[in-house]
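Contents: one structure, followed by commentary.
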Amino acid sequence: MMREQVSISVPGILKYSHFVSDTGELLFRERINFYADDLLQHFLQDMQIIMYELFANAFYHSKSDSITVEFELEDEWVNVTIKTNNVGFGVKPFDSDTAMYPPYPKAVIDTGVVVYKDHQNQVICNVEGPFRVSFENKRHPMQRINVEDLPEHYGMNLITKFSHQSFYYRDETGTDCFVVKRRIR
């Protein structure tokens with residue numbers, strides 16, 4: 001069973017997103033074997049989108065001085081965890097201007113909050129506890145929406161489309177962890 005973890009910490013500056021993405025690509029090329037080059041290229045394209053959106057969200061929303069990225073490779077999965085220290089993940093309902101930050105209010109625990117919606121997709125943020133949420137992308141074809149009103153969580157739409165699982169939690173030390181899981185094959 002293959003299991004390997006690589007961790008890097010960079011300043012919380014957006015230009016480091018390319019460094020993080022390049023690091024991930026080098027790791028994936030070196031450690032993951034694909035049966036065909038087109039499968040590798042497809043995987044790398046998806047991961048490049050995921051990595052940029054994760055890092056951009058960490059930069060824009062966490063206001064953290066540093067960002068740690070952990071890559072964990074398993075037999076069939078790649079797990080990417082972005083760690084920050086500051087405000088936590090703000091759950092901002094699609095139809096609201098106000099975000100909720102951890103600890104999330106009891107009234108929203110065990111509920112799903114729509115954080116993104118367009119003419120085909122919506123992203124549901126499932127509030128699982130005071131310091132934990134998970135995300136799912138649901139397809140809603142033919143839904144009418146004014147594209148000029150697209151909310152800020154477009155990146156969450158991309159992350160949930162190109163990954164198999166994504167969630168956020170605040171650990172016992174107060175570190176905010178955003179995790180994305182993607183099948184290798």
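Labels used: A, B, ... for chains in the order of the structure tokens, numbers from 1 for residues in each chain, and numbers from 1 for ligands as shown.
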> Leaving out Asn85 in chain A and any residue of its chain fewer than 5 positions from it, which residues lie within 8 Å of it when counting only C-alpha atoms, given as a PyMOL selection string?
Replying inline: chain A and resi 62+64-66+174-176
Excluding same-chain residues fewer than 2 positions from Tyr104 in chain A, what lies within 10 Å of it counting only C-alpha atoms, as a PDB file with all heavy atoms, in the first residue's frame?
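Full text of selection.pdb as output:
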ATOM      1  N   PHE A  89     -13.650  29.163   7.968  1.00  0.00           N
ATOM      2  CA  PHE A  89     -14.426  29.159   6.743  1.00  0.00           C
ATOM      3  C   PHE A  89     -15.766  29.849   6.968  1.00  0.00           C
ATOM      4  O   PHE A  89     -16.562  29.427   7.796  1.00  0.00           O
ATOM      5  CB  PHE A  89     -14.661  27.733   6.231  1.00  0.00           C
ATOM      6  CG  PHE A  89     -15.393  27.701   4.926  1.00  0.00           C
ATOM      7  CD1 PHE A  89     -14.717  27.904   3.736  1.00  0.00           C
ATOM      8  CD2 PHE A  89     -16.767  27.516   4.885  1.00  0.00           C
ATOM      9  CE1 PHE A  89     -15.388  27.915   2.527  1.00  0.00           C
ATOM     10  CE2 PHE A  89     -17.452  27.520   3.677  1.00  0.00           C
ATOM     11  CZ  PHE A  89     -16.760  27.716   2.500  1.00  0.00           C
ATOM     12  N   GLY A  90     -16.005  30.892   6.208  1.00  0.00           N
ATOM     13  CA  GLY A  90     -17.253  31.632   6.308  1.00  0.00           C
ATOM     14  C   GLY A  90     -18.322  31.021   5.419  1.00  0.00           C
ATOM     15  O   GLY A  90     -18.165  30.970   4.207  1.00  0.00           O
ATOM     16  N   VAL A  91     -19.386  30.539   6.031  1.00  0.00           N
ATOM     17  CA  VAL A  91     -20.519  29.998   5.295  1.00  0.00           C
ATOM     18  C   VAL A  91     -21.429  31.173   4.955  1.00  0.00           C
ATOM     19  O   VAL A  91     -22.046  31.763   5.832  1.00  0.00           O
ATOM     20  CB  VAL A  91     -21.285  28.938   6.124  1.00  0.00           C
ATOM     21  CG1 VAL A  91     -22.519  28.460   5.374  1.00  0.00           C
ATOM     22  CG2 VAL A  91     -20.373  27.780   6.487  1.00  0.00           C
ATOM     23  N   MET A 100     -21.438  33.268   8.127  1.00  0.00           N
ATOM     24  CA  MET A 100     -21.347  32.707   9.489  1.00  0.00           C
ATOM     25  C   MET A 100     -19.971  32.067   9.624  1.00  0.00           C
ATOM     26  O   MET A 100     -19.539  31.323   8.745  1.00  0.00           O
ATOM     27  CB  MET A 100     -22.414  31.623   9.691  1.00  0.00           C
ATOM     28  CG  MET A 100     -23.830  32.102   9.541  1.00  0.00           C
ATOM     29  SD  MET A 100     -24.991  30.704   9.589  1.00  0.00           S
ATOM     30  CE  MET A 100     -24.832  30.084   7.921  1.00  0.00           C
ATOM     31  N   TYR A 101     -19.296  32.329  10.722  1.00  0.00           N
ATOM     32  CA  TYR A 101     -17.961  31.784  10.956  1.00  0.00           C
ATOM     33  C   TYR A 101     -17.994  30.837  12.151  1.00  0.00           C
ATOM     34  O   TYR A 101     -18.867  30.942  13.010  1.00  0.00           O
ATOM     35  CB  TYR A 101     -16.959  32.919  11.212  1.00  0.00           C
ATOM     36  CG  TYR A 101     -16.730  33.749   9.975  1.00  0.00           C
ATOM     37  CD1 TYR A 101     -17.523  34.854   9.695  1.00  0.00           C
ATOM     38  CD2 TYR A 101     -15.743  33.389   9.078  1.00  0.00           C
ATOM     39  CE1 TYR A 101     -17.328  35.602   8.544  1.00  0.00           C
ATOM     40  CE2 TYR A 101     -15.538  34.135   7.922  1.00  0.00           C
ATOM     41  CZ  TYR A 101     -16.332  35.238   7.663  1.00  0.00           C
ATOM     42  OH  TYR A 101     -16.139  35.958   6.521  1.00  0.00           O
ATOM     43  N   PRO A 102     -17.016  29.912  12.222  1.00  0.00           N
ATOM     44  CA  PRO A 102     -17.009  28.982  13.357  1.00  0.00           C
ATOM     45  C   PRO A 102     -16.773  29.713  14.673  1.00  0.00           C
ATOM     46  O   PRO A 102     -16.029  30.682  14.685  1.00  0.00           O
ATOM     47  CB  PRO A 102     -15.858  28.032  13.042  1.00  0.00           C
ATOM     48  CG  PRO A 102     -15.109  28.604  11.905  1.00  0.00           C
ATOM     49  CD  PRO A 102     -15.932  29.701  11.293  1.00  0.00           C
ATOM     50  N   LYS A 106     -26.031  27.005  16.487  1.00  0.00           N
ATOM     51  CA  LYS A 106     -26.760  25.740  16.657  1.00  0.00           C
ATOM     52  C   LYS A 106     -27.913  25.616  15.680  1.00  0.00           C
ATOM     53  O   LYS A 106     -28.242  24.529  15.230  1.00  0.00           O
ATOM     54  CB  LYS A 106     -27.278  25.612  18.092  1.00  0.00           C
ATOM     55  CG  LYS A 106     -26.194  25.354  19.100  1.00  0.00           C
ATOM     56  CD  LYS A 106     -26.768  25.199  20.497  1.00  0.00           C
ATOM     57  CE  LYS A 106     -25.628  24.979  21.485  1.00  0.00           C
ATOM     58  NZ  LYS A 106     -26.126  24.786  22.850  1.00  0.00           N
ATOM     59  N   ALA A 107     -28.528  26.726  15.335  1.00  0.00           N
ATOM     60  CA  ALA A 107     -29.695  26.703  14.444  1.00  0.00           C
ATOM     61  C   ALA A 107     -29.369  26.177  13.047  1.00  0.00           C
ATOM     62  O   ALA A 107     -30.266  25.689  12.356  1.00  0.00           O
ATOM     63  CB  ALA A 107     -30.291  28.105  14.335  1.00  0.00           C
ATOM     64  N   VAL A 108     -28.106  26.249  12.619  1.00  0.00           N
ATOM     65  CA  VAL A 108     -27.765  25.771  11.271  1.00  0.00           C
ATOM     66  C   VAL A 108     -27.066  24.420  11.272  1.00  0.00           C
ATOM     67  O   VAL A 108     -26.825  23.856  10.204  1.00  0.00           O
ATOM     68  CB  VAL A 108     -26.913  26.806  10.496  1.00  0.00           C
ATOM     69  CG1 VAL A 108     -27.680  28.091  10.294  1.00  0.00           C
ATOM     70  CG2 VAL A 108     -25.580  27.044  11.156  1.00  0.00           C
ATOM     71  N   ILE A 109     -26.728  23.885  12.442  1.00  0.00           N
ATOM     72  CA  ILE A 109     -26.071  22.578  12.506  1.00  0.00           C
ATOM     73  C   ILE A 109     -27.055  21.516  12.036  1.00  0.00           C
ATOM     74  O   ILE A 109     -28.234  21.552  12.351  1.00  0.00           O
ATOM     75  CB  ILE A 109     -25.531  22.306  13.919  1.00  0.00           C
ATOM     76  CG1 ILE A 109     -24.399  23.297  14.224  1.00  0.00           C
ATOM     77  CG2 ILE A 109     -25.038  20.859  14.061  1.00  0.00           C
ATOM     78  CD1 ILE A 109     -23.825  23.224  15.603  1.00  0.00           C
ATOM     79  N   VAL A 127     -23.629  21.848   7.227  1.00  0.00           N
ATOM     80  CA  VAL A 127     -23.042  22.222   8.513  1.00  0.00           C
ATOM     81  C   VAL A 127     -23.201  21.024   9.445  1.00  0.00           C
ATOM     82  O   VAL A 127     -24.296  20.707   9.894  1.00  0.00           O
ATOM     83  CB  VAL A 127     -23.715  23.488   9.098  1.00  0.00           C
ATOM     84  CG1 VAL A 127     -23.036  23.897  10.393  1.00  0.00           C
ATOM     85  CG2 VAL A 127     -23.687  24.627   8.081  1.00  0.00           C
ATOM     86  N   GLU A 128     -22.094  20.340   9.715  1.00  0.00           N
ATOM     87  CA  GLU A 128     -22.115  19.086  10.476  1.00  0.00           C
ATOM     88  C   GLU A 128     -21.868  19.276  11.960  1.00  0.00           C
ATOM     89  O   GLU A 128     -22.142  18.387  12.750  1.00  0.00           O
ATOM     90  CB  GLU A 128     -21.092  18.124   9.884  1.00  0.00           C
ATOM     91  CG  GLU A 128     -21.402  17.780   8.437  1.00  0.00           C
ATOM     92  CD  GLU A 128     -20.320  16.956   7.781  1.00  0.00           C
ATOM     93  OE1 GLU A 128     -19.223  16.798   8.371  1.00  0.00           O
ATOM     94  OE2 GLU A 128     -20.569  16.476   6.661  1.00  0.00           O
ATOM     95  N   GLY A 129     -21.322  20.406  12.337  1.00  0.00           N
ATOM     96  CA  GLY A 129     -21.041  20.689  13.739  1.00  0.00           C
ATOM     97  C   GLY A 129     -20.580  22.119  13.877  1.00  0.00           C
ATOM     98  O   GLY A 129     -20.473  22.854  12.894  1.00  0.00           O
ATOM     99  N   PRO A 130     -20.267  22.550  15.094  1.00  0.00           N
ATOM    100  CA  PRO A 130     -19.868  23.945  15.298  1.00  0.00           C
ATOM    101  C   PRO A 130     -18.572  24.318  14.580  1.00  0.00           C
ATOM    102  O   PRO A 130     -18.337  25.493  14.300  1.00  0.00           O
ATOM    103  CB  PRO A 130     -19.712  24.071  16.802  1.00  0.00           C
ATOM    104  CG  PRO A 130     -19.885  22.732  17.385  1.00  0.00           C
ATOM    105  CD  PRO A 130     -20.351  21.790  16.329  1.00  0.00           C
ATOM    106  N   PHE A 131     -17.741  23.314  14.259  1.00  0.00           N
ATOM    107  CA  PHE A 131     -16.454  23.581  13.613  1.00  0.00           C
ATOM    108  C   PHE A 131     -16.220  22.695  12.394  1.00  0.00           C
ATOM    109  O   PHE A 131     -15.076  22.431  12.033  1.00  0.00           O
ATOM    110  CB  PHE A 131     -15.307  23.377  14.618  1.00  0.00           C
ATOM    111  CG  PHE A 131     -15.374  24.319  15.787  1.00  0.00           C
ATOM    112  CD1 PHE A 131     -15.923  23.923  16.989  1.00  0.00           C
ATOM    113  CD2 PHE A 131     -14.895  25.610  15.674  1.00  0.00           C
ATOM    114  CE1 PHE A 131     -15.986  24.792  18.066  1.00  0.00           C
ATOM    115  CE2 PHE A 131     -14.958  26.493  16.742  1.00  0.00           C
ATOM    116  CZ  PHE A 131     -15.506  26.086  17.941  1.00  0.00           C
ATOM    117  N   ARG A 132     -17.291  22.211  11.759  1.00  0.00           N
ATOM    118  CA  ARG A 132     -17.114  21.291  10.633  1.00  0.00           C
ATOM    119  C   ARG A 132     -18.248  21.443   9.625  1.00  0.00           C
ATOM    120  O   ARG A 132     -19.412  21.486   9.992  1.00  0.00           O
ATOM    121  CB  ARG A 132     -17.053  19.852  11.114  1.00  0.00           C
ATOM    122  CG  ARG A 132     -16.779  18.858  10.013  1.00  0.00           C
ATOM    123  CD  ARG A 132     -16.708  17.429  10.560  1.00  0.00           C
ATOM    124  NE  ARG A 132     -16.444  16.501   9.502  1.00  0.00           N
ATOM    125  CZ  ARG A 132     -15.245  16.157   9.070  1.00  0.00           C
ATOM    126  NH1 ARG A 132     -14.182  16.671   9.624  1.00  0.00           N
ATOM    127  NH2 ARG A 132     -15.092  15.301   8.093  1.00  0.00           N
ATOM    128  N   VAL A 133     -17.854  21.522   8.328  1.00  0.00           N
ATOM    129  CA  VAL A 133     -18.810  21.529   7.225  1.00  0.00           C
ATOM    130  C   VAL A 133     -18.280  20.628   6.110  1.00  0.00           C
ATOM    131  O   VAL A 133     -17.078  20.372   6.029  1.00  0.00           O
ATOM    132  CB  VAL A 133     -19.053  22.959   6.660  1.00  0.00           C
ATOM    133  CG1 VAL A 133     -19.678  23.874   7.697  1.00  0.00           C
ATOM    134  CG2 VAL A 133     -17.784  23.569   6.106  1.00  0.00           C
TER     135      VAL A 133
END
Go through range 21-51 of chain A and flag each residue having an atom no more than 10 Å from range 6-16 of chain A; for those, report the closest pair of atoms plus their distance in Å to one decimal, using only C-alpha atoms, ordered by chain and rising number, as a tab-separated table.
residue	atom	partner	partner_atom	distance
A:Ser21	CA	A:Tyr16	CA	8.6
A:Asp22	CA	A:Tyr16	CA	9.8
A:Thr23	CA	A:Ile8	CA	8.9
A:Gly24	CA	A:Val6	CA	9.3
A:Leu27	CA	A:Val6	CA	8.6
If you keep C-alpha atoms, can you produce a file of those selected residues as a PDB file, in the first residue's frame?
ATOM      1  CA  SER A  21       0.477  24.028  -7.814  1.00  0.00           C
ATOM      2  CA  ASP A  22       3.872  23.242  -9.370  1.00  0.00           C
ATOM      3  CA  THR A  23       4.901  21.313  -6.253  1.00  0.00           C
ATOM      4  CA  GLY A  24       1.725  19.244  -6.447  1.00  0.00           C
ATOM      5  CA  LEU A  27       4.730  15.116  -6.777  1.00  0.00           C
TER       6      LEU A  27
END
>> Considering only alpha helix (DSSP H) as DSSP defines it on the backbone, what residues of range 10-93 of chain A qualify? List them as a PyMOL selection string.
In response: chain A and resi 16-31+37-57
Residue subset to file, keeping C-alpha atoms, as a short mmCIF file (atom, residue, chain, number, x, y, z; two decimals), in the first residue's frame:
data_model
loop_
_atom_site.label_atom_id
_atom_site.label_comp_id
_atom_site.auth_asym_id
_atom_site.auth_seq_id
_atom_site.Cartn_x
_atom_site.Cartn_y
_atom_site.Cartn_z
CA TYR A 16 2.70 31.41 -4.03
CA SER A 17 -0.29 29.62 -5.56
CA HIS A 18 1.87 28.78 -8.58
CA PHE A 19 4.62 27.38 -6.36
CA VAL A 20 2.09 25.17 -4.56
CA SER A 21 0.48 24.03 -7.81
CA ASP A 22 3.87 23.24 -9.37
CA THR A 23 4.90 21.31 -6.25
CA GLY A 24 1.72 19.24 -6.45
CA GLU A 25 2.24 18.54 -10.14
CA LEU A 26 5.83 17.40 -9.59
CA LEU A 27 4.73 15.12 -6.78
CA PHE A 28 1.86 13.64 -8.81
CA ARG A 29 4.06 13.04 -11.87
CA GLU A 30 6.77 11.40 -9.77
CA ARG A 31 4.67 9.23 -7.47
CA ASP A 37 -0.66 9.86 -20.72
CA ASP A 38 -4.10 11.33 -21.45
CA LEU A 39 -5.32 10.06 -18.04
CA LEU A 40 -2.35 11.78 -16.38
CA GLN A 41 -3.03 15.02 -18.25
CA HIS A 42 -6.72 14.97 -17.32
CA PHE A 43 -5.84 14.35 -13.65
CA LEU A 44 -3.22 17.13 -13.65
CA GLN A 45 -5.65 19.64 -15.22
CA ASP A 46 -8.30 18.89 -12.62
CA MET A 47 -5.79 19.12 -9.76
CA GLN A 48 -4.40 22.41 -11.11
CA ILE A 49 -7.88 23.95 -10.94
CA ILE A 50 -8.46 22.53 -7.46
CA MET A 51 -5.08 23.72 -6.17
CA TYR A 52 -5.52 27.26 -7.49
CA GLU A 53 -9.03 27.60 -6.06
CA LEU A 54 -8.00 26.16 -2.67
CA PHE A 55 -5.04 28.48 -2.39
CA ALA A 56 -6.98 31.52 -3.64
CA ASN A 57 -9.75 30.84 -1.12
#
> In terms of the shortest atom-to-atom distance over only C-alpha atoms, which of A:Glu76, A:Ser134, A:Tyr168, A:Tyr35 is closest to Gly88 in chain A?
Replying inline: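 Of A:Glu76, A:Ser134, A:Tyr168, A:Tyr35, the one nearest Gly88 in chain A, counting only C-alpha atoms, is A:Tyr168.
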>> Let me make sure I understand: among A:His140, A:Val80, A:Ile32, A:Thr111, which one has the smallest atom-to-atom distance to Ile159 in chain A if we use only C-alpha atoms?
In response: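 Among the listed residues, the smallest separation from Ile159 in chain A belongs to A:Val80.
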>> Ranking A:Tyr116, A:Gln122, A:Met2, A:Asn79 by minimum distance to Ser163 in chain A and counting only C-alpha atoms, which one comes first?
In response: A:Asn79
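With only C-alpha atoms as the atoms that count, the residue of A:Asp118, A:Asn126, A:Glu74, A:Thr98 with the shortest distance to Arg139 in chain A is A:Asp118.
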>> Calculated over only C-alpha atoms, which of the candidates A:Asn157, A:Ala99, A:Phe135, A:Phe167 has the smallest distance to Asn121 in chain A?
In response: A:Asn157
>> Quick check, in Å to one decimal: how far apart do CA of Glu172 in chain A and CA of Thr81 in chain A lie?
In response: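 Here the two named atoms are 15.9 Å from each other.
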